[in-house]
>>> print(open('work_3.cif').read())   # mmCIF, C-alpha atoms and all ligand atoms
data_upload
#
loop_
_atom_site.group_PDB
_atom_site.id
_atom_site.type_symbol
_atom_site.label_atom_id
_atom_site.label_comp_id
_atom_site.auth_asym_id
_atom_site.auth_seq_id
_atom_site.Cartn_x
_atom_site.Cartn_y
_atom_site.Cartn_z
ATOM 1 C CA MET A 764 -21.439 -51.112 -21.729
ATOM 2 C CA THR A 765 -22.971 -50.710 -18.289
ATOM 3 C CA PRO A 766 -21.703 -48.474 -15.443
ATOM 4 C CA ASN A 767 -19.922 -51.368 -13.790
ATOM 5 C CA PHE A 768 -18.269 -52.537 -17.058
ATOM 6 C CA SER A 769 -20.195 -55.803 -17.326
ATOM 7 C CA ASP A 770 -22.993 -56.891 -19.668
ATOM 8 C CA ASN A 771 -24.516 -58.694 -16.661
ATOM 9 C CA LYS A 772 -24.880 -61.832 -18.786
ATOM 10 C CA PHE A 773 -23.367 -65.306 -18.662
ATOM 11 C CA HIS A 774 -20.747 -66.487 -21.163
ATOM 12 C CA ASN A 775 -18.479 -69.456 -21.731
ATOM 13 C CA ILE A 776 -15.104 -67.826 -22.379
ATOM 14 C CA GLY A 777 -13.309 -71.118 -21.817
ATOM 15 C CA VAL A 778 -11.956 -70.625 -18.289
ATOM 16 C CA ALA A 779 -13.733 -73.704 -16.960
ATOM 17 C CA ALA A 780 -12.771 -75.759 -19.991
ATOM 18 C CA LYS A 781 -9.111 -76.102 -18.968
ATOM 19 C CA GLY A 782 -8.625 -79.868 -18.689
ATOM 20 C CA LYS A 783 -12.370 -80.561 -18.403
ATOM 21 C CA ASN A 784 -14.595 -82.838 -20.432
ATOM 22 C CA PHE A 785 -17.993 -81.173 -20.124
ATOM 23 C CA GLU A 786 -20.251 -83.865 -21.657
ATOM 24 C CA PRO A 787 -19.926 -86.673 -19.069
ATOM 25 C CA LEU A 788 -19.992 -84.066 -16.294
ATOM 26 C CA ALA A 789 -23.230 -82.522 -17.635
ATOM 27 C CA ARG A 790 -24.805 -85.984 -18.035
ATOM 28 C CA LYS A 791 -23.998 -86.817 -14.392
ATOM 29 C CA ALA A 792 -25.255 -83.410 -13.217
ATOM 30 C CA SER A 793 -28.550 -83.951 -15.036
ATOM 31 C CA GLU A 794 -29.229 -86.878 -12.706
ATOM 32 C CA VAL A 795 -29.066 -84.602 -9.626
ATOM 33 C CA SER A 796 -32.334 -82.721 -9.117
ATOM 34 C CA ASP A 797 -31.273 -80.198 -6.440
ATOM 35 C CA PRO A 798 -29.318 -77.265 -8.005
ATOM 36 C CA ALA A 799 -27.890 -76.331 -4.577
ATOM 37 C CA GLN A 800 -26.302 -79.769 -4.304
ATOM 38 C CA LEU A 801 -24.573 -79.173 -7.649
ATOM 39 C CA ALA A 802 -23.562 -75.577 -6.850
ATOM 40 C CA PHE A 803 -21.520 -76.645 -3.823
ATOM 41 C CA ASP A 804 -19.934 -79.760 -5.324
ATOM 42 C CA PRO A 805 -16.511 -78.865 -6.782
ATOM 43 C CA ASN A 806 -16.948 -81.696 -9.294
ATOM 44 C CA PHE A 807 -19.874 -79.872 -10.839
ATOM 45 C CA THR A 808 -19.248 -76.146 -10.274
ATOM 46 C CA GLU A 809 -17.211 -75.855 -13.479
ATOM 47 C CA LEU A 810 -20.444 -76.439 -15.409
ATOM 48 C CA GLY A 811 -21.294 -72.863 -14.383
ATOM 49 C CA ARG A 812 -24.740 -71.486 -15.251
ATOM 50 C CA PHE A 813 -25.799 -74.921 -16.535
ATOM 51 C CA VAL A 814 -26.354 -76.174 -12.975
ATOM 52 C CA VAL A 815 -29.174 -73.614 -12.679
ATOM 53 C CA THR A 816 -30.759 -73.584 -16.158
ATOM 54 C CA ARG A 817 -29.872 -77.144 -17.328
ATOM 55 C CA GLN A 818 -29.580 -75.762 -20.850
ATOM 56 C CA PRO A 819 -26.577 -77.001 -22.894
ATOM 57 C CA LYS A 820 -25.898 -73.435 -24.116
ATOM 58 C CA ASP A 821 -25.021 -72.511 -20.496
ATOM 59 C CA ILE A 822 -22.382 -75.204 -20.009
ATOM 60 C CA GLY A 823 -19.202 -73.586 -18.658
ATOM 61 C CA ALA A 824 -20.815 -70.123 -18.690
ATOM 62 C CA PHE A 825 -20.102 -67.671 -15.863
ATOM 63 C CA LYS A 826 -21.451 -64.187 -15.151
ATOM 64 C CA THR A 827 -19.349 -61.341 -16.566
ATOM 65 C CA PRO A 828 -17.934 -59.624 -13.475
ATOM 66 C CA GLY A 829 -17.759 -55.835 -13.253
ATOM 67 C CA LEU A 830 -14.336 -54.292 -13.812
ATOM 68 C CA ARG A 831 -14.435 -51.447 -11.283
ATOM 69 C CA ASP A 832 -11.448 -51.679 -8.885
ATOM 70 C CA ILE A 833 -10.319 -54.748 -10.828
ATOM 71 C CA SER A 834 -6.625 -53.999 -10.125
ATOM 72 C CA LEU A 835 -7.299 -54.655 -6.406
ATOM 73 C CA THR A 836 -8.855 -58.098 -6.733
ATOM 74 C CA ALA A 837 -6.298 -60.501 -8.250
ATOM 75 C CA PRO A 838 -6.296 -63.416 -8.924
ATOM 76 C CA TYR A 839 -8.874 -63.350 -11.716
ATOM 77 C CA MET A 840 -11.708 -65.495 -13.138
ATOM 78 C CA HIS A 841 -14.077 -67.627 -11.067
ATOM 79 C CA ASP A 842 -11.308 -70.097 -10.279
ATOM 80 C CA GLY A 843 -8.490 -67.588 -9.759
ATOM 81 C CA SER A 844 -6.622 -69.166 -12.667
ATOM 82 C CA GLU A 845 -5.173 -65.883 -14.046
ATOM 83 C CA ALA A 846 -2.693 -64.188 -11.700
ATOM 84 C CA THR A 847 -2.425 -60.712 -13.259
ATOM 85 C CA LEU A 848 -4.385 -58.413 -15.585
ATOM 86 C CA LEU A 849 -1.747 -59.035 -18.269
ATOM 87 C CA ASP A 850 -2.372 -62.783 -17.874
ATOM 88 C CA VAL A 851 -6.093 -62.086 -18.446
ATOM 89 C CA VAL A 852 -5.325 -60.067 -21.591
ATOM 90 C CA ASN A 853 -3.047 -62.858 -22.873
ATOM 91 C CA PHE A 854 -5.862 -65.339 -22.181
ATOM 92 C CA TYR A 855 -8.245 -63.303 -24.384
ATOM 93 C CA ASP A 856 -5.507 -62.778 -26.962
ATOM 94 C CA ARG A 857 -5.250 -66.588 -27.331
ATOM 95 C CA GLY A 858 -9.023 -66.693 -27.899
ATOM 96 C CA GLY A 859 -9.837 -68.307 -24.552
ATOM 97 C CA GLU A 860 -9.730 -72.071 -24.098
ATOM 98 C CA PRO A 861 -11.285 -73.948 -27.047
ATOM 99 C CA ASN A 862 -14.359 -76.015 -26.117
ATOM 100 C CA PRO A 863 -17.649 -76.914 -27.827
ATOM 101 C CA TYR A 864 -19.577 -74.261 -25.852
ATOM 102 C CA LEU A 865 -17.173 -71.328 -26.318
ATOM 103 C CA ASP A 866 -19.007 -67.994 -26.747
ATOM 104 C CA GLY A 867 -18.998 -66.754 -30.335
ATOM 105 C CA GLY A 868 -17.406 -63.444 -29.311
ATOM 106 C CA ILE A 869 -14.217 -65.118 -28.099
ATOM 107 C CA THR A 870 -11.649 -65.451 -30.910
ATOM 108 C CA PRO A 871 -7.861 -64.850 -31.079
ATOM 109 C CA LEU A 872 -7.184 -61.090 -31.049
ATOM 110 C CA LYS A 873 -3.570 -60.901 -32.271
ATOM 111 C CA LEU A 874 -2.876 -57.866 -30.065
ATOM 112 C CA THR A 875 0.500 -56.118 -30.143
ATOM 113 C CA ASP A 876 2.448 -55.732 -26.879
ATOM 114 C CA GLN A 877 1.486 -52.041 -26.871
ATOM 115 C CA GLU A 878 -2.224 -52.875 -27.236
ATOM 116 C CA LYS A 879 -1.975 -55.381 -24.367
ATOM 117 C CA GLN A 880 -0.290 -52.772 -22.158
ATOM 118 C CA ASP A 881 -2.971 -50.231 -23.124
ATOM 119 C CA LEU A 882 -5.745 -52.636 -22.092
ATOM 120 C CA VAL A 883 -4.041 -53.283 -18.747
ATOM 121 C CA ALA A 884 -3.571 -49.520 -18.208
ATOM 122 C CA PHE A 885 -7.252 -48.951 -19.018
ATOM 123 C CA MET A 886 -8.332 -51.556 -16.478
ATOM 124 C CA GLU A 887 -5.958 -50.098 -13.868
ATOM 125 C CA SER A 888 -7.574 -46.703 -14.486
ATOM 126 C CA LEU A 889 -10.882 -48.111 -13.232
ATOM 127 C CA THR A 890 -9.541 -48.081 -9.658
ATOM 128 C CA GLY A 891 -11.408 -45.664 -7.423
ATOM 129 C CA GLN A 892 -10.145 -43.583 -4.506
ATOM 130 C CA GLY A 893 -12.192 -43.213 -1.387
ATOM 131 C CA THR A 894 -15.151 -44.953 -2.983
ATOM 132 C CA GLY A 895 -15.548 -47.292 -0.038
ATOM 133 C CA SER A 896 -14.078 -50.225 -1.935
ATOM 134 C CA PRO A 897 -12.043 -52.382 0.442
ATOM 135 C CA THR A 898 -8.293 -52.447 -0.170
ATOM 136 C CA ARG A 899 -6.414 -55.724 -0.563
ATOM 137 C CA ALA A 900 -5.264 -55.462 3.100
ATOM 138 C CA GLU A 901 -8.850 -54.910 4.204
ATOM 139 C CA LEU A 902 -10.100 -57.835 2.157
ATOM 140 C CA GLN A 903 -7.528 -60.044 3.845
ATOM 141 C CA ASP A 904 -8.337 -58.641 7.311
ATOM 142 C CA PRO A 905 -11.992 -57.447 7.357
ATOM 143 C CA GLY A 906 -11.486 -56.032 10.898
ATOM 144 C CA LYS A 907 -9.512 -53.137 9.383
ATOM 145 C CA GLU A 908 -12.499 -51.986 7.315
ATOM 146 C CA ALA A 909 -14.625 -51.376 10.379
ATOM 147 C CA SER A 910 -12.046 -48.972 11.839
ATOM 148 C CA ARG A 911 -11.981 -46.668 8.775
HETATM 149 C C1 LIG B 1 -10.185 -57.752 -24.365
HETATM 150 C C2 LIG B 1 -11.426 -57.631 -23.874
HETATM 151 C C3 LIG B 1 -11.734 -58.044 -22.462
HETATM 152 C C4 LIG B 1 -11.078 -57.747 -21.302
HETATM 153 C C5 LIG B 1 -9.838 -56.873 -21.135
HETATM 154 C C6 LIG B 1 -11.771 -58.442 -20.232
HETATM 155 C C7 LIG B 1 -11.406 -58.417 -18.902
HETATM 156 C C8 LIG B 1 -11.833 -59.326 -17.953
HETATM 157 C C9 LIG B 1 -11.280 -59.496 -16.622
HETATM 158 C C10 LIG B 1 -10.157 -58.658 -16.023
HETATM 159 C C11 LIG B 1 -11.940 -60.527 -16.046
HETATM 160 C C12 LIG B 1 -11.700 -61.106 -14.636
HETATM 161 C C13 LIG B 1 -12.668 -60.474 -13.672
HETATM 162 C C14 LIG B 1 -12.548 -61.018 -12.259
HETATM 163 O O1 LIG B 1 -11.995 -62.104 -12.049
HETATM 164 O O2 LIG B 1 -13.053 -60.357 -11.349
HETATM 165 C C15 LIG B 1 -12.921 -61.016 -16.980
HETATM 166 C C16 LIG B 1 -13.797 -62.057 -16.746
HETATM 167 C C17 LIG B 1 -14.840 -62.392 -17.568
HETATM 168 N N1 LIG B 1 -15.149 -61.823 -18.778
HETATM 169 FE FE1 LIG B 1 -13.986 -60.498 -19.774
HETATM 170 N N2 LIG B 1 -12.832 -59.128 -20.757
HETATM 171 C C18 LIG B 1 -12.845 -58.926 -22.115
HETATM 172 C C19 LIG B 1 -13.752 -59.462 -23.037
HETATM 173 C C20 LIG B 1 -14.850 -60.226 -22.699
HETATM 174 C C21 LIG B 1 -15.889 -60.652 -23.616
HETATM 175 C C22 LIG B 1 -15.925 -60.311 -25.126
HETATM 176 C C23 LIG B 1 -16.783 -61.394 -22.892
HETATM 177 C C24 LIG B 1 -18.052 -62.068 -23.323
HETATM 178 C C25 LIG B 1 -18.203 -62.650 -24.510
HETATM 179 C C26 LIG B 1 -16.286 -61.459 -21.526
HETATM 180 C C27 LIG B 1 -16.889 -62.138 -20.489
HETATM 181 C C28 LIG B 1 -16.284 -62.424 -19.278
HETATM 182 C C29 LIG B 1 -16.751 -63.433 -18.328
HETATM 183 C C30 LIG B 1 -17.982 -64.320 -18.475
HETATM 184 C C31 LIG B 1 -15.845 -63.428 -17.264
HETATM 185 C C32 LIG B 1 -15.870 -64.341 -16.039
HETATM 186 C C33 LIG B 1 -15.159 -65.651 -16.363
HETATM 187 C C34 LIG B 1 -14.987 -66.548 -15.156
HETATM 188 O O3 LIG B 1 -15.094 -66.105 -14.028
HETATM 189 O O4 LIG B 1 -14.699 -67.724 -15.364
HETATM 190 N N3 LIG B 1 -15.117 -60.732 -21.445
HETATM 191 N N4 LIG B 1 -12.838 -60.282 -18.133
#
>>> encode(input="work_3.cif", output="structure tokens", more="lines below")
Ligand code: HEM
Amino acid sequence: MTPNFSDNKFHNIGVAAKGKNFEPLARKASEVSDPAQLAFDPNFTELGRFVVTRQPKDIGAFKTPGLRDISLTAPYMHDGSEATLLDVVNFYDRGGEPNPYLDGGITPLKLTDQEKQDLVAFMESLTGQGTGSPTRAELQDPGKEASR
């Protein structure tokens, strides 16, 4: 565990796999030589780290974000597909979204309701006070930050 609660690595936890067929997408992406062109094309961004490394093991893999102040930054995941921290916990509890490139560490957890609430409470406890992190209002209106 690192100070920002991320392993700073890339994993496929199945977020990008929702409704996606990775193989034809990866084949098409392999024909484009400029990674920047892929990174800004919404048809290809769900391939994640693959657009940079071109290695099949990186298909649908995204960088593990830090969890500090996580309660202030909903919605969650690279595509904003999980609305609340409890939704995120339920996502992990299901074992992510099955796909051929799913990270080995992602399996159904069978958590009790109490364990889910405990995980959410833990993540909420990572919210700082006066650390300089922008509040939700400031994120939505960056002008407010300057006047602090
Ligand atoms: C129950 C345990 C876990 C909890 C509570 C948890 C919590 C979270 C949360 C809240 C996010 C959203 C962050 C954001 O959108 O800013 C997230 C994203 C992510 N987590 Fe976890 N995590 C857990 C286990 C894991 C494990 C085991 C891995 C790696 C194998 C992992 C890798 C990732 C990655 C790669 C993302 C980004 C996914 C994307 O943006 O599509 N997490 N996690």
>>> closest_residue(input="work_3.cif", among="A:Lys879, A:Arg817, A:Arg812, A:Lys873", to="Ala779 (chain A)", atoms="only C-alpha atoms")
A:Arg812
>>> closest_residue(input="work_3.cif", among="A:Pro798, A:Gly811, A:Pro905, A:Pro828", to="ligand LIG 1 (chain B)", atoms="all atoms listed in the file")
A:Pro828
>>> atom_distance(input="work_3.cif", atom1="CA of His841 (chain A)", atom2="atom C7 of ligand LIG 1 (chain B)")
12.4 Å
>>> residues_near_ligand(input="work_3.cif", ligand="ligand LIG 1 (chain B)", cutoff="7 Å", atoms="only C-alpha atoms and all ligand atoms", output="list of chain:residue names")
A:Phe773, A:His774, A:Asn775, A:Ile776, A:Val778, A:Ala779, A:Ala824, A:Phe825, A:Lys826, A:Thr827, A:Pro828, A:Gly829, A:Leu830, A:Ile833, A:Thr836, A:Pro838, A:Tyr839, A:Met840, A:His841, A:Asp842, A:Gly843, A:Leu848, A:Val851, A:Val852, A:Tyr855, A:Asp866, A:Gly868, A:Ile869, A:Leu882
>>> atom_distance(input="work_3.cif", atom1="CA of Glu845 (chain A)", atom2="CA of Thr808 (chain A)")
17.8 Å
>>> atom_distance(input="work_3.cif", atom1="CA of Ala799 (chain A)", atom2="CA of Val815 (chain A)")
8.6 Å
>>> axis_aligned_box(input="work_3.cif", around="region 873-892 of chain A", padding_each_side="6 Å", output="JSON")
{"center_x": -4.5, "center_y": -52.2, "center_z": -18.4, "size_x": 25.9, "size_y": 29.3, "size_z": 39.8}
>>> closest_residue(input="work_3.cif", among="A:Pro805, A:Gly891, A:Gly777, A:Pro819", to="Thr870 (chain A)", atoms="all atoms listed in the file")
A:Gly777
>>> resolve_selection(input="work_3.cif", expression="the PyMOL selection byres (((chain A and resi 792) around 9) and not hetatm)", output="VMD selection string")
chain A and resid 787 to 791 793 to 796 801 807 810 814 817
>>> write_last_selection(input="work_3.cif", atoms="C-alpha atoms", output="short mmCIF file (atom, residue, chain, number, x, y, z; two decimals), in the coordinates of the input")
data_model
loop_
_atom_site.label_atom_id
_atom_site.label_comp_id
_atom_site.auth_asym_id
_atom_site.auth_seq_id
_atom_site.Cartn_x
_atom_site.Cartn_y
_atom_site.Cartn_z
CA PRO A 787 -19.93 -86.67 -19.07
CA LEU A 788 -19.99 -84.07 -16.29
CA ALA A 789 -23.23 -82.52 -17.64
CA ARG A 790 -24.80 -85.98 -18.04
CA LYS A 791 -24.00 -86.82 -14.39
CA SER A 793 -28.55 -83.95 -15.04
CA GLU A 794 -29.23 -86.88 -12.71
CA VAL A 795 -29.07 -84.60 -9.63
CA SER A 796 -32.33 -82.72 -9.12
CA LEU A 801 -24.57 -79.17 -7.65
CA PHE A 807 -19.87 -79.87 -10.84
CA LEU A 810 -20.44 -76.44 -15.41
CA VAL A 814 -26.35 -76.17 -12.98
CA ARG A 817 -29.87 -77.14 -17.33
#
